[in-house]
Every structure is written in structure tokens, then in C-alpha cells.
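Data from protein-v4.cif: mmCIF, C-alpha atoms
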```cif
data_run
loop_
_atom_site.label_atom_id
_atom_site.label_comp_id
_atom_site.auth_asym_id
_atom_site.auth_seq_id
_atom_site.Cartn_x
_atom_site.Cartn_y
_atom_site.Cartn_z
CA MET A 1 65.10 106.84 78.13
CA SER A 2 64.01 103.21 78.11
CA ILE A 3 61.09 100.84 77.58
CA ALA A 4 58.61 99.92 80.33
CA ALA A 5 59.27 96.54 81.96
CA TYR A 6 55.76 95.33 81.10
CA SER A 7 56.13 96.14 77.38
CA LYS A 8 54.61 93.78 74.82
CA PHE A 9 56.00 95.67 71.81
CA ASN A 10 58.17 92.76 70.61
CA GLN A 11 55.07 90.61 70.51
CA TYR A 12 52.94 93.09 68.55
CA LYS A 13 55.11 95.30 66.35
CA ASN A 14 55.15 92.93 63.37
CA LYS A 15 51.38 92.58 63.63
CA ILE A 16 51.08 96.37 63.43
CA HIS A 17 53.50 96.48 60.47
CA SER A 18 51.39 93.92 58.60
CA LEU A 19 48.22 96.03 58.73
CA SER A 20 47.07 97.47 55.42
CA ALA A 21 45.18 100.36 57.04
CA PRO A 22 46.36 101.06 60.61
CA THR A 23 43.69 103.62 61.47
CA LEU A 24 40.51 101.68 60.73
CA ASN A 25 38.59 100.67 63.86
CA GLU A 26 38.18 97.10 62.65
CA SER A 27 41.96 96.85 62.13
CA LEU A 28 42.63 97.72 65.75
CA MET A 29 39.71 96.47 67.83
CA ASN A 30 39.80 92.77 66.97
CA GLU A 31 41.12 89.48 68.34
CA THR A 32 44.65 90.18 67.08
CA PHE A 33 45.17 93.01 69.55
CA LEU A 34 42.72 91.98 72.29
CA LEU A 35 44.55 91.54 75.61
CA GLU A 36 41.65 90.80 77.95
CA LYS A 37 37.88 90.76 77.98
CA ASP A 38 35.36 90.76 80.81
CA SER A 39 31.95 90.20 79.26
CA LYS A 40 30.08 90.62 82.55
CA LYS A 41 31.63 94.04 83.11
CA LYS A 42 31.39 94.92 79.37
CA LEU A 43 35.14 95.61 79.30
CA GLU A 44 37.68 95.04 76.55
CA ILE A 45 41.41 95.83 76.78
CA TYR A 46 43.49 96.13 73.61
CA TYR A 47 47.18 96.48 72.94
CA ALA A 48 48.66 99.85 71.95
CA PRO A 49 52.37 100.79 72.09
CA PHE A 50 52.38 103.38 74.89
CA GLU A 51 55.40 101.84 76.60
CA HIS A 52 58.17 104.40 76.39
CA LEU A 53 59.73 105.33 79.73
CA ASN A 54 61.51 108.63 80.39
CA GLU A 55 63.74 107.92 83.38
CA GLN A 56 64.84 111.57 83.70
CA ALA A 57 61.30 112.87 84.20
CA LYS A 58 60.68 115.38 86.98
CA VAL A 59 56.93 115.37 86.31
CA VAL A 60 54.59 112.49 85.49
CA ILE A 61 51.25 113.43 83.90
CA VAL A 62 48.76 110.60 84.32
CA GLY A 63 45.52 109.93 82.46
CA ILE A 64 43.06 107.05 82.85
CA THR A 65 43.71 105.12 79.64
CA PRO A 66 44.57 105.86 76.00
CA GLY A 67 41.40 106.43 74.00
CA LEU A 68 40.59 105.18 70.52
CA HIS A 69 42.00 108.34 68.90
CA GLN A 70 45.34 107.91 70.72
CA MET A 71 45.32 104.22 69.87
CA LYS A 72 44.96 105.06 66.16
CA LYS A 73 47.77 107.63 66.37
CA SER A 74 50.07 105.12 68.06
CA PHE A 75 49.46 102.41 65.44
CA GLU A 76 49.85 104.92 62.63
CA THR A 77 53.20 106.10 64.04
CA VAL A 78 54.59 102.57 64.34
CA TRP A 79 53.29 101.67 60.86
CA ASN A 80 54.79 104.79 59.25
CA LEU A 81 58.20 104.15 60.83
CA LYS A 82 58.45 100.46 59.88
CA ASP A 83 61.09 101.10 57.17
CA GLU A 84 63.10 103.70 59.10
CA ASN A 85 65.54 101.27 60.80
CA LEU A 86 64.87 102.74 64.26
CA THR A 87 65.30 100.94 67.56
CA ASP A 88 62.19 99.88 69.47
CA GLU A 89 62.95 102.58 72.02
CA GLU A 90 63.12 105.26 69.34
CA VAL A 91 59.85 104.12 67.80
CA LEU A 92 58.06 104.10 71.17
CA HIS A 93 59.46 107.55 71.92
CA GLU A 94 57.93 108.82 68.66
CA VAL A 95 54.60 107.24 69.64
CA LYS A 96 54.58 109.17 72.92
CA LYS A 97 55.53 112.45 71.24
CA ASN A 98 52.82 112.09 68.58
CA SER A 99 49.99 110.86 70.78
CA SER A 100 50.21 112.36 74.27
CA PHE A 101 47.42 114.76 75.26
CA GLU A 102 47.28 116.42 71.86
CA GLY A 103 44.77 119.06 70.78
CA PRO A 104 42.68 121.34 73.06
CA MET A 105 43.29 119.09 76.07
CA ARG A 106 47.03 119.82 75.90
CA LYS A 107 46.37 123.58 75.76
CA ASN A 108 44.14 123.41 78.87
CA LEU A 109 46.72 121.27 80.67
CA ILE A 110 49.50 123.74 79.88
CA ASN A 111 47.45 126.73 81.06
CA MET A 112 46.61 125.12 84.40
CA LEU A 113 50.15 123.92 85.15
CA ASP A 114 51.50 127.35 84.21
CA GLU A 115 49.02 128.92 86.64
CA LEU A 116 50.36 126.61 89.38
CA ASN A 117 53.86 127.88 88.53
CA LEU A 118 55.23 124.47 87.62
CA PRO A 119 57.76 125.88 85.08
CA ASN A 120 59.50 127.88 87.82
CA TYR A 121 60.17 124.72 89.83
CA ILE A 122 61.66 122.69 86.98
CA GLY A 123 63.63 125.41 85.20
CA ILE A 124 61.56 126.09 82.10
CA THR A 125 59.60 129.12 80.87
CA SER A 126 56.29 127.43 80.02
CA THR A 127 54.74 124.01 80.50
CA SER A 128 54.41 123.89 76.71
CA GLU A 129 58.16 123.13 76.60
CA LEU A 130 57.42 119.72 78.16
CA PHE A 131 55.87 118.75 74.82
CA GLU A 132 58.69 120.32 72.80
CA SER A 133 62.31 121.11 73.74
CA SER A 134 62.06 119.89 77.35
CA SER A 135 60.23 116.61 76.71
CA HIS A 136 62.98 114.82 78.69
CA LEU A 137 61.50 116.33 81.88
CA VAL A 138 58.07 114.71 81.56
CA GLN A 139 56.65 111.20 81.52
CA THR A 140 53.14 111.03 80.07
CA THR A 141 51.32 107.85 80.97
CA SER A 142 48.05 106.29 82.13
CA VAL A 143 47.12 104.24 85.17
CA LEU A 144 45.69 101.78 82.63
CA PRO A 145 48.49 101.81 80.02
CA TYR A 146 46.55 99.97 77.32
CA PRO A 147 43.27 101.18 75.77
CA VAL A 148 40.26 100.09 77.80
CA PHE A 149 36.75 100.20 76.36
CA TYR A 150 33.50 99.92 78.28
CA ASN A 151 30.52 98.80 76.20
CA GLY A 152 32.54 99.62 73.08
CA LYS A 153 33.39 103.19 74.11
CA ASN A 154 36.40 104.84 75.76
CA TYR A 155 36.46 103.90 79.46
CA SER A 156 36.09 106.98 81.71
CA GLY A 157 37.28 105.44 84.97
CA SER A 158 33.94 105.57 86.76
CA THR A 159 31.78 102.69 85.48
CA PRO A 160 32.76 100.08 86.47
CA ASN A 161 34.77 101.23 89.50
CA ILE A 162 38.44 101.38 88.54
CA VAL A 163 39.87 99.89 91.75
CA LYS A 164 37.03 97.48 92.57
CA THR A 165 37.10 95.70 89.20
CA ASP A 166 39.57 92.80 89.19
CA VAL A 167 40.80 93.07 85.61
CA LEU A 168 41.39 96.83 85.91
CA ARG A 169 42.97 96.70 89.36
CA GLU A 170 45.42 94.00 88.22
CA LEU A 171 46.42 96.06 85.17
CA ILE A 172 47.10 99.07 87.40
CA LEU A 173 49.22 96.98 89.76
CA GLN A 174 51.20 95.43 86.92
CA SER A 175 52.10 98.70 85.23
CA PHE A 176 52.15 102.06 87.01
CA PRO A 177 54.21 101.06 90.11
CA LYS A 178 56.76 99.40 87.80
CA GLU A 179 57.13 102.64 85.83
CA MET A 180 57.66 104.63 89.03
CA GLU A 181 60.42 102.26 90.19
CA HIS A 182 62.60 103.55 87.35
CA LEU A 183 61.98 107.25 88.03
CA ASN A 184 63.51 109.45 90.72
CA ASN A 185 60.46 110.42 92.81
CA PRO A 186 58.81 112.76 90.25
CA LEU A 187 55.80 114.97 90.91
CA ILE A 188 52.71 112.99 89.85
CA VAL A 189 49.85 114.96 88.28
CA PRO A 190 46.64 112.88 88.08
CA LEU A 191 44.17 114.15 85.50
CA GLY A 192 40.82 114.00 87.23
CA VAL A 193 39.19 112.31 90.20
CA ASN A 194 39.24 108.77 88.81
CA VAL A 195 43.00 108.84 88.24
CA SER A 196 43.39 110.25 91.76
CA LYS A 197 41.28 107.36 93.06
CA ALA A 198 43.60 104.82 91.43
CA LEU A 199 46.76 106.56 92.69
CA THR A 200 45.33 106.83 96.21
CA TYR A 201 44.78 103.07 96.10
CA LEU A 202 48.42 102.53 95.07
CA SER A 203 49.67 104.83 97.83
CA GLU A 204 47.55 103.01 100.41
CA GLU A 205 49.13 99.77 99.20
CA GLY A 206 52.56 101.33 99.81
CA LEU A 207 53.48 101.26 96.12
CA ILE A 208 53.88 105.01 95.53
CA ASP A 209 54.46 108.02 97.81
CA SER A 210 51.28 109.99 98.52
CA LYS A 211 53.36 113.14 99.06
CA SER A 212 54.28 113.10 95.36
CA ILE A 213 50.65 113.13 94.13
CA LEU A 214 49.09 116.49 93.17
CA ASN A 215 45.50 115.58 93.99
CA GLY A 216 42.75 118.05 93.06
CA PHE A 217 43.87 118.60 89.47
CA PRO A 218 40.85 118.47 87.12
CA HIS A 219 40.73 116.55 83.88
CA PRO A 220 41.75 119.08 81.17
CA SER A 221 39.36 117.79 78.53
CA GLY A 222 37.16 120.43 76.91
CA GLY A 223 34.29 118.09 77.70
CA ASN A 224 34.84 118.63 81.43
CA GLY A 225 32.64 121.67 81.97
CA HIS A 226 33.50 121.74 85.66
CA ARG A 227 37.26 122.03 85.23
CA HIS A 228 37.44 125.80 85.85
CA ARG A 229 35.48 125.53 89.09
CA GLN A 230 37.40 122.46 90.22
CA PHE A 231 40.71 124.14 89.50
CA ALA A 232 39.74 127.33 91.34
CA GLU A 233 38.47 125.38 94.37
CA ASN A 234 41.66 123.29 94.63
CA LYS A 235 44.25 125.80 93.42
CA GLN A 236 45.55 127.00 96.79
CA GLU A 237 45.91 123.48 98.14
CA MET A 238 47.73 122.36 94.98
CA VAL A 239 50.07 125.38 95.13
CA GLU A 240 50.96 124.52 98.73
CA LYS A 241 51.43 120.83 97.92
CA MET A 242 53.66 121.59 94.95
CA ASP A 243 55.75 124.02 96.99
CA ALA A 244 56.20 121.47 99.80
CA TYR A 245 57.06 118.73 97.33
CA PHE A 246 59.75 120.67 95.43
CA ASN A 247 61.24 122.11 98.61
CA LYS A 248 61.57 118.57 99.93
CA VAL A 249 63.16 117.39 96.67
CA GLN A 250 65.71 120.19 96.82
CA LEU A 251 66.68 119.18 100.37
CA THR A 252 67.25 115.51 99.50
#
```
Before we go any further, please render this structure as C-alpha cells.
Amino acid sequence: MSIAAYSKFNQYKNKIHSLSAPTLNESLMNETFLLEKDSKKKLEIYYAPFEHLNEQAKVVIVGITPGLHQMKKSFETVWNLKDENLTDEEVLHEVKKNSSFEGPMRKNLINMLDELNLPNYIGITSTSELFESSSHLVQTTSVLPYPVFYNGKNYSGSTPNIVKTDVLRELILQSFPKEMEHLNNPLIVPLGVNVSKALTYLSEEGLIDSKSILNGFPHPSGGNGHRHRQFAENKQEMVEKMDAYFNKVQLT
């Protein structure tokens, strides 16, 4: 367990502690926590403490960016723990546990990874254990580690193009490859086509291994009405890729 090399937590934790109401939009989305802004692209990037790194992880589950709901949960967690005398690492670990893929999305994610037989490869009974007793086996993260908003709403990864937009591409380059440097070649599960697009870009740049990426996995959000069809269409290919990946890991 450690803290990501790009972490800004030291710079922002006291600012979070000083908030009177850590879950109000106006408390979070303001100049205090604004990291970057591209007015032409209608993009704003804010700080949120999603910087815990699990170096033992065998699986990395990757989203696009934390949304406003996750941002609120992260601030609330840090704020509630301010008098607990915990280390920064312990606080950031609690943030990840409280905020990662919670709700119906987590249930859909678990069901799909169970259907691909992931638990059998990593020695657990159900993928649900990755969010409970076996949390040491998973790193949950995003290709854009800080909350990105397009036109004031959660950025989806499509508009503007995630790898053709300078401010987004630079954020990807500064974060995700640095996280992977501290992990031992885990299986990377991209949630949806836009995350896959970003990871393909990184693999083409020689920054991550394409053989570790489980492309074809749909975004598990309940709002993705195509996820069942996408999963069914790509299931066999993902099963074969996962089998080849874990067999290779066992041989090395």
C-alpha cells in the first residue's frame, strides 16, 4: 500500500478539513480546488483525493474519471477523518474503499467479472470479495484520476476526444503509467470503449503492455443500456484473453 507519485494530498488536505460543508457543490467546484481549465473545450478539472495505490493488486479496474458523486464521497471521507490521527495513506485508503464503483454499478461489475471466471484465477470465491476481504488484490482507478467536467457535467470520455485533447492527454500521461510502474503487471480491466481508447494510446506509446488489457469490457453503469449485448458479443474473446494472460503470469 502506498500513495501515488503524482499525489497532491499534502497540498489540499487542510483545505478540505477547513470546509464547513464538504458535500455542497459550491464547496467543491470552485477556485480552491480547480486544477486546470480549458474554456475553449468547456473543460474543468478539480482536485479530489483518489491517490491511494495498492502495490499488491493483481487486477486494476479502470474508469474514465471520478464523477461529482464520488468527489463528494471522497471529500466527506477526508473531512470526517480529520480528527482520527490517521496517516495520509490510511486516509486515502478509506477514500478508495468508500468511493470506488459503489451502488448498482458495482453489482453489475461483479456479475460480469464473475461470469468471466476472474475469481478462479486470483484465488477468491466471488469478485465481490475485491471490495471486501480481498481488497488488497485490486486497484481501482481512472485514466483521468481527478474529476473532469465538460460543460459543468461529468465528463464521459467522448466529447471532447480523450486522447486528442491536450489537457486530458497530458493528465493521462502524468498519472496512469506512473501508477502501473509500482504494480507487478496486473490484469487491466477498462470500463467501456473510451477507457479502452485511452489505454490503447498508452500501449501504442510503449507505456503499458497491451497484453494486460482486457479490451471489450462494457461500462457497468445501469445507464449503459447496451452493456448486456456488448458483454455477450465480446465474452469469448475476453475469456480467451484472460486465460492467456493468467497462464503467462503463472509461467513468469
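Residues lying within 7 Å of region 58-61 of chain A, counting all atoms listed in the file and ignoring same-chain neighbours fewer than 4 positions away, are Leu137, Val138, Gln139, Thr140, Thr141, Pro186, Leu187, Ile188, Val189 and Pro190 of chain A.
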Pick from A:Leu116, A:Leu43, A:Leu19, A:Ala244, whichever lies nearest to Thr165 (chain A) using all atoms listed in the file: A:Leu43
Would you pick out the contacts of region 50-53 of chain A at 10 Å or less, using all atoms listed in the file, so that residues sharing its chain but fewer than 5 positions from it are not included, and give the list as a PyMOL selection string? chain A and resi 1-9+66+70-71+74-75+88-97+99-100+138-142+145-147+175+179-180+182-183
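Proximity ranking of A:Asn25, A:Asn161, A:Asn108, A:Ser126 relative to Gly222 (chain A) places A:Asn108 first, based on all atoms listed in the file.
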Mind listing whatever residues come within 10 Å of the point (41.8, 98.2, 63.4)? Use only C-alpha atoms, file coordinates, and give them as a ChimeraX atom specification. /A:16,19-30,32-33,71-72,75
Please write the residues picked by the PyMOL selection byres ((chain A and resi 38) around 12) on this file as a compact mmCIF listing (two decimals) with C-alpha atoms, in the coordinates of the input.
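Result file is result.txt:
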```txt
# COMPACT_ATOMS: atom_id res chain seq x y z
CA LEU A 34 42.72 91.98 72.29
CA LEU A 35 44.55 91.54 75.61
CA GLU A 36 41.65 90.80 77.95
CA LYS A 37 37.88 90.76 77.98
CA SER A 39 31.95 90.20 79.26
CA LYS A 40 30.08 90.62 82.55
CA LYS A 41 31.63 94.04 83.11
CA LYS A 42 31.39 94.92 79.37
CA LEU A 43 35.14 95.61 79.30
CA GLU A 44 37.68 95.04 76.55
CA ILE A 45 41.41 95.83 76.78
CA VAL A 148 40.26 100.09 77.80
CA PHE A 149 36.75 100.20 76.36
CA TYR A 150 33.50 99.92 78.28
CA ASN A 151 30.52 98.80 76.20
CA PRO A 160 32.76 100.08 86.47
CA THR A 165 37.10 95.70 89.20
CA ASP A 166 39.57 92.80 89.19
CA VAL A 167 40.80 93.07 85.61
CA LEU A 168 41.39 96.83 85.91
```
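CA of His219 (chain A) lies 8.3 Å from CA of Leu109 (chain A).
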From the list A:Asn14, A:Asn185, A:Asn117, A:Ser133, the nearest residue to Lys235 (chain A) using only C-alpha atoms is A:Asn117
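Using all atoms listed in the file, the smallest distance between any of A:Glu31, A:Pro49, A:Leu86, A:Arg106 and Gln11 (chain A) comes from A:Pro49.
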Just want the 10 Å neighbourhood of Arg169 (chain A), counted on only C-alpha atoms, with same-chain residues fewer than 3 positions away dropped. Output as a PyMOL selection string. chain A and resi 143-144+161-166+172-174+198+201-202
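Computed from the coordinates, the CA of Phe131 (chain A) to CA of Leu207 (chain A) distance equals 27.7 Å.
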